[in-house]
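Next comes start_37.cif, with mmCIF, C-alpha atoms.
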```
data_my_file
loop_
_atom_site.label_atom_id
_atom_site.label_comp_id
_atom_site.auth_asym_id
_atom_site.auth_seq_id
_atom_site.Cartn_x
_atom_site.Cartn_y
_atom_site.Cartn_z
CA MET A 152 31.97 36.41 51.22
CA ASP A 153 30.95 39.74 49.76
CA LEU A 154 29.08 39.92 46.46
CA MET A 155 31.86 41.71 44.52
CA THR A 156 34.33 38.96 45.38
CA PHE A 157 31.82 36.26 44.44
CA LEU A 158 30.97 37.86 41.11
CA SER A 159 34.61 38.46 40.23
CA GLN A 160 35.34 34.72 40.51
CA SER A 161 33.36 34.13 37.33
CA PRO A 162 35.35 34.37 34.11
CA ALA A 163 32.21 35.78 32.46
CA MET A 164 31.94 38.69 34.88
CA THR A 165 34.75 41.20 34.74
CA MET A 166 34.78 43.50 37.71
CA SER A 167 34.95 46.69 35.68
CA ALA A 168 32.77 49.70 36.34
CA ALA A 169 29.89 47.73 34.76
CA GLY A 170 30.53 44.88 37.19
CA ALA A 171 30.51 47.24 40.13
CA GLU A 172 27.24 48.77 38.89
CA PHE A 173 25.75 45.28 38.60
CA ALA A 174 26.85 44.33 42.12
CA ALA A 175 25.30 47.53 43.49
CA LEU A 176 21.87 46.47 42.20
CA TRP A 177 21.67 43.53 44.61
CA LYS A 178 20.28 43.96 48.13
CA THR A 179 21.63 41.84 50.98
CA ARG A 180 19.68 40.50 53.90
CA LEU A 181 20.12 38.13 56.80
CA ILE A 182 17.83 35.11 57.08
CA ARG A 183 17.78 33.34 60.43
CA LYS A 184 18.17 29.58 60.78
CA GLY A 185 14.81 27.84 60.37
CA ALA A 186 13.24 30.69 58.36
CA PHE A 187 12.22 30.32 54.74
CA LEU A 188 13.69 32.34 51.91
CA THR A 189 10.66 31.38 49.84
CA GLN A 190 7.67 29.13 50.37
CA GLN A 191 6.20 26.65 47.89
CA GLY A 192 3.10 28.04 46.20
CA GLU A 193 3.78 31.65 47.16
CA LYS A 194 4.57 34.52 44.80
CA GLU A 195 8.30 34.56 44.01
CA THR A 196 10.10 37.18 41.92
CA GLN A 197 13.66 37.13 43.22
CA GLU A 198 17.06 35.81 42.18
CA TYR A 199 19.35 34.83 45.05
CA VAL A 200 23.06 34.57 45.67
CA LEU A 201 23.85 32.77 48.91
CA LEU A 202 26.89 34.60 50.26
CA ASP A 203 27.19 32.66 53.50
CA GLY A 204 25.40 29.79 55.21
CA CYS A 205 23.50 26.64 54.23
CA ALA A 206 19.98 26.11 52.90
CA THR A 207 17.85 23.32 51.49
CA SER A 208 15.27 23.40 48.73
CA GLN A 209 12.24 21.18 49.31
CA ILE A 210 9.06 20.16 47.57
CA HIS A 211 6.15 19.51 49.93
CA ALA A 212 3.46 16.99 49.02
CA SER A 213 -0.19 17.55 49.95
CA ASP A 214 0.21 15.02 52.80
CA GLY A 215 2.88 17.23 54.40
CA THR A 216 5.90 15.13 53.49
CA ALA A 217 8.88 16.97 52.05
CA VAL A 218 11.49 15.87 49.52
CA CYS A 219 14.83 17.66 49.48
CA VAL A 220 15.70 18.66 45.91
CA GLY A 221 18.56 21.07 46.55
CA LEU A 222 21.41 21.65 48.97
CA TYR A 223 23.14 25.05 48.98
CA HIS A 224 26.31 26.14 50.72
CA GLY A 225 27.55 29.68 50.33
CA PRO A 226 28.99 31.23 48.40
CA SER A 227 26.78 29.93 45.59
CA VAL A 228 23.78 30.80 43.49
CA ILE A 229 20.39 29.45 44.46
CA THR A 230 18.71 27.76 41.47
CA PRO A 231 17.64 30.56 39.11
CA HIS A 232 14.10 31.92 39.26
CA ILE A 233 13.13 30.51 35.86
CA ALA A 234 13.98 26.96 37.00
CA ARG A 235 12.23 27.09 40.40
CA THR A 236 9.02 28.97 39.63
CA LYS A 237 5.97 28.68 37.40
CA ALA A 238 3.73 31.68 36.71
CA GLN A 239 5.67 33.65 39.38
CA LEU A 240 4.81 31.03 42.04
CA SER A 241 7.55 29.14 43.83
CA ARG A 242 7.64 25.41 43.15
CA VAL A 243 9.88 24.89 46.18
CA ALA A 244 10.39 26.00 49.75
CA ILE A 245 13.92 27.17 50.54
CA GLU A 246 14.78 26.85 54.21
CA ALA A 247 17.78 28.27 56.04
CA THR A 248 19.54 25.43 57.87
CA THR A 249 22.00 27.98 59.31
CA ASP A 250 21.84 31.74 59.43
CA LEU A 251 22.16 32.99 55.84
CA LEU A 252 23.55 36.09 54.21
CA VAL A 253 21.73 36.45 50.89
CA ALA A 254 21.98 38.93 48.04
CA GLN A 255 18.79 39.27 46.03
CA MET A 256 17.56 41.01 42.91
CA ASP A 257 14.23 41.06 41.13
CA ALA A 258 14.34 38.47 38.33
CA GLU A 259 12.92 40.89 35.76
CA ARG A 260 15.61 43.42 36.66
CA LEU A 261 18.26 40.76 36.10
CA VAL A 262 16.83 40.09 32.63
CA GLU A 263 16.99 43.82 31.88
CA GLU A 264 20.64 43.88 32.98
CA MET A 265 21.37 40.80 30.84
CA ILE A 266 20.01 42.62 27.79
CA ARG A 267 21.96 45.77 28.63
CA ALA A 268 25.37 44.29 29.48
CA GLU A 269 27.12 41.33 27.84
CA PRO A 270 29.19 40.37 30.94
CA VAL A 271 25.97 40.12 32.98
CA ARG A 272 24.31 38.07 30.23
CA ASN A 273 27.30 35.70 30.04
CA TRP A 274 27.41 35.35 33.84
CA ALA A 275 23.67 34.68 34.16
CA ASN A 276 23.62 32.22 31.26
CA ALA A 277 26.56 30.31 32.78
CA ILE A 278 24.73 30.17 36.14
CA LEU A 279 21.57 28.83 34.48
CA GLN A 280 23.51 26.23 32.48
CA ASP A 281 25.30 25.07 35.63
CA ALA A 282 22.03 24.80 37.60
CA LEU A 283 20.33 22.82 34.85
CA ALA A 284 23.35 20.53 34.46
CA ARG A 285 23.36 19.84 38.24
CA LYS A 286 19.63 19.12 38.15
CA ALA A 287 20.02 16.72 35.20
CA ASP A 288 23.00 15.04 36.87
CA ARG A 289 20.98 14.45 40.05
CA GLU A 290 18.07 13.05 38.02
CA TRP A 291 20.50 10.70 36.28
CA CYS A 292 21.88 9.64 39.68
CA LEU A 293 18.41 8.86 41.02
CA ALA A 294 17.44 6.88 37.92
CA ALA A 295 20.69 5.04 37.19
CA LEU A 296 22.45 4.40 40.50
CA ARG A 297 21.72 2.23 43.49
CA GLY A 298 22.26 3.27 47.12
CA ALA A 299 26.01 2.87 47.55
CA ASP A 300 26.71 4.41 44.17
CA ARG A 301 24.38 7.33 44.94
CA LEU A 302 26.36 8.04 48.10
CA ALA A 303 29.64 7.87 46.15
CA TRP A 304 28.16 10.22 43.53
CA PHE A 305 27.08 12.61 46.28
CA ARG A 306 30.51 12.63 47.88
CA ASP A 307 32.15 13.33 44.51
CA ASN A 308 29.74 16.09 43.53
CA TYR A 309 29.12 17.67 46.94
CA PRO A 310 32.39 17.30 48.86
CA GLY A 311 32.11 18.18 52.53
CA TYR A 312 28.32 18.45 52.48
CA GLU A 313 27.90 15.46 54.81
CA ALA A 314 29.33 17.61 57.58
CA LEU A 315 27.16 20.62 56.69
CA PHE A 316 23.66 19.16 56.30
CA VAL A 317 21.53 16.88 58.45
CA HIS A 318 21.54 13.35 57.14
CA THR A 319 17.76 13.26 56.75
CA SER A 320 18.08 16.01 54.11
CA ILE A 321 20.93 14.19 52.38
CA ALA A 322 18.96 10.92 52.39
CA SER A 323 15.94 12.66 50.89
CA PHE A 324 18.14 14.36 48.27
CA LEU A 325 19.52 10.93 47.33
CA GLY A 326 16.11 9.24 47.29
CA VAL A 327 16.91 6.82 50.12
CA THR A 328 15.64 6.49 53.66
CA PRO A 329 17.70 7.90 56.54
CA VAL A 330 18.19 4.31 57.79
CA THR A 331 19.55 3.26 54.39
CA LEU A 332 21.90 6.24 54.30
CA SER A 333 23.17 5.42 57.78
CA ARG A 334 23.79 1.80 56.75
CA LEU A 335 25.61 2.88 53.57
CA ARG A 336 27.79 5.30 55.51
CA ARG A 337 28.72 2.57 58.01
CA GLN A 338 29.58 0.16 55.18
CA GLN A 339 31.86 2.70 53.51
CA ARG A 340 33.88 3.56 56.62
#
```
Structure translated into structure tokens:
Amino acid sequence: MDLMTFLSQSPAMTMSAAGAEFAALWKTRLIRKGAFLTQQGEKETQEYVLLDGCATSQIHASDGTAVCVGLYHGPSVITPHIARTKAQLSRVAIEATTDLLVAQMDAERLVEEMIRAEPVRNWANAILQDALARKADREWCLAALRGADRLAWFRDNYPGYEALFVHTSIASFLGVTPVTLSRLRRQQR
């Protein structure tokens, strides 16, 4: 999907001349499967719109293990910069699980545009609210639900993602082992 079409889907973002100017500020790039959009602990200053493809967001422990904390399927917005960085350092690694088409903009530039244009401000605030609500909903799922209910929650909130992402990532995202996820999937067939 192209960026103009994606932006125009938001009720907050009217595709007037201001909307077209905003869309023109983003740069697109192709990220190959297996490459990282950003690495945990590295400097990170960008906002990302995933126009096409699939990616995961992971937190790596010092022992090398990784926990999946985000699943993205385009077109969508990658968790906003303010929620995935601290002191301009990325708290997560974002890996392309397919080839990606990504639009990106410097986070400070986005803030400037939010101050300048109300439609941009409304769009960005809605994106941030949605990302934080999804994060809180996942935290609730992990704390309140058991295995089978977590899988049901996942299927309700991420329809079709089981076919898009490897099951080890989904299991990690749900806080269960891959063996447990496989067992739960068999039981629910």
Residues matched by the PyMOL selection byres ((chain A and resi 298) around 12) as a VMD selection string: chain A and resid 292 to 297 299 to 305 322 to 336 338 to 339
Residues returned when the PyMOL selection byres ((chain A and resi 221) around 7) runs on this file, as a PyMOL selection string: chain A and resi 207-209+219-220+222-223+324
Can you write just those residues out, C-alpha atoms, as a PDB file, in the coordinates of the input?
```pdb
ATOM      1  CA  THR A 207      17.850  23.320  51.490  1.00  0.00           C
ATOM      2  CA  SER A 208      15.270  23.400  48.730  1.00  0.00           C
ATOM      3  CA  GLN A 209      12.240  21.180  49.310  1.00  0.00           C
ATOM      4  CA  CYS A 219      14.830  17.660  49.480  1.00  0.00           C
ATOM      5  CA  VAL A 220      15.700  18.660  45.910  1.00  0.00           C
ATOM      6  CA  LEU A 222      21.410  21.650  48.970  1.00  0.00           C
ATOM      7  CA  TYR A 223      23.140  25.050  48.980  1.00  0.00           C
ATOM      8  CA  PHE A 324      18.140  14.360  48.270  1.00  0.00           C
TER       9      PHE A 324
END
```
Interatomic distance, CA of Val262 in chain A to CA of Gln160 in chain A (Å, one decimal):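 Separation of CA of Val262 in chain A and CA of Gln160 in chain A: 20.8 Å.
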The PyMOL selection byres ((chain A and resi 176) around 10) applied to the shown file, residues as a list of chain:residue names: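 In the shown coordinates, the PyMOL selection byres ((chain A and resi 176) around 10) covers A:Ala171, A:Glu172, A:Phe173, A:Ala174, A:Ala175, A:Trp177, A:Lys178, A:Thr179, A:Ala254, A:Gln255, A:Met256, A:Asp257, A:Arg260, A:Leu261, A:Glu264.
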Interatomic distance between CA of Val243 in chain A and CA of Gly192 in chain A? 7.5 Å
Padding of 8 Å on every side, edges along x, y and z, all listed atoms of range 187-200 of chain A included: what centre and edge lengths in Å, to one decimal, does that box have, as JSON?
```
{"center_x": 13.1, "center_y": 31.9, "center_z": 48.3, "size_x": 36.0, "size_y": 26.5, "size_z": 28.8}
```
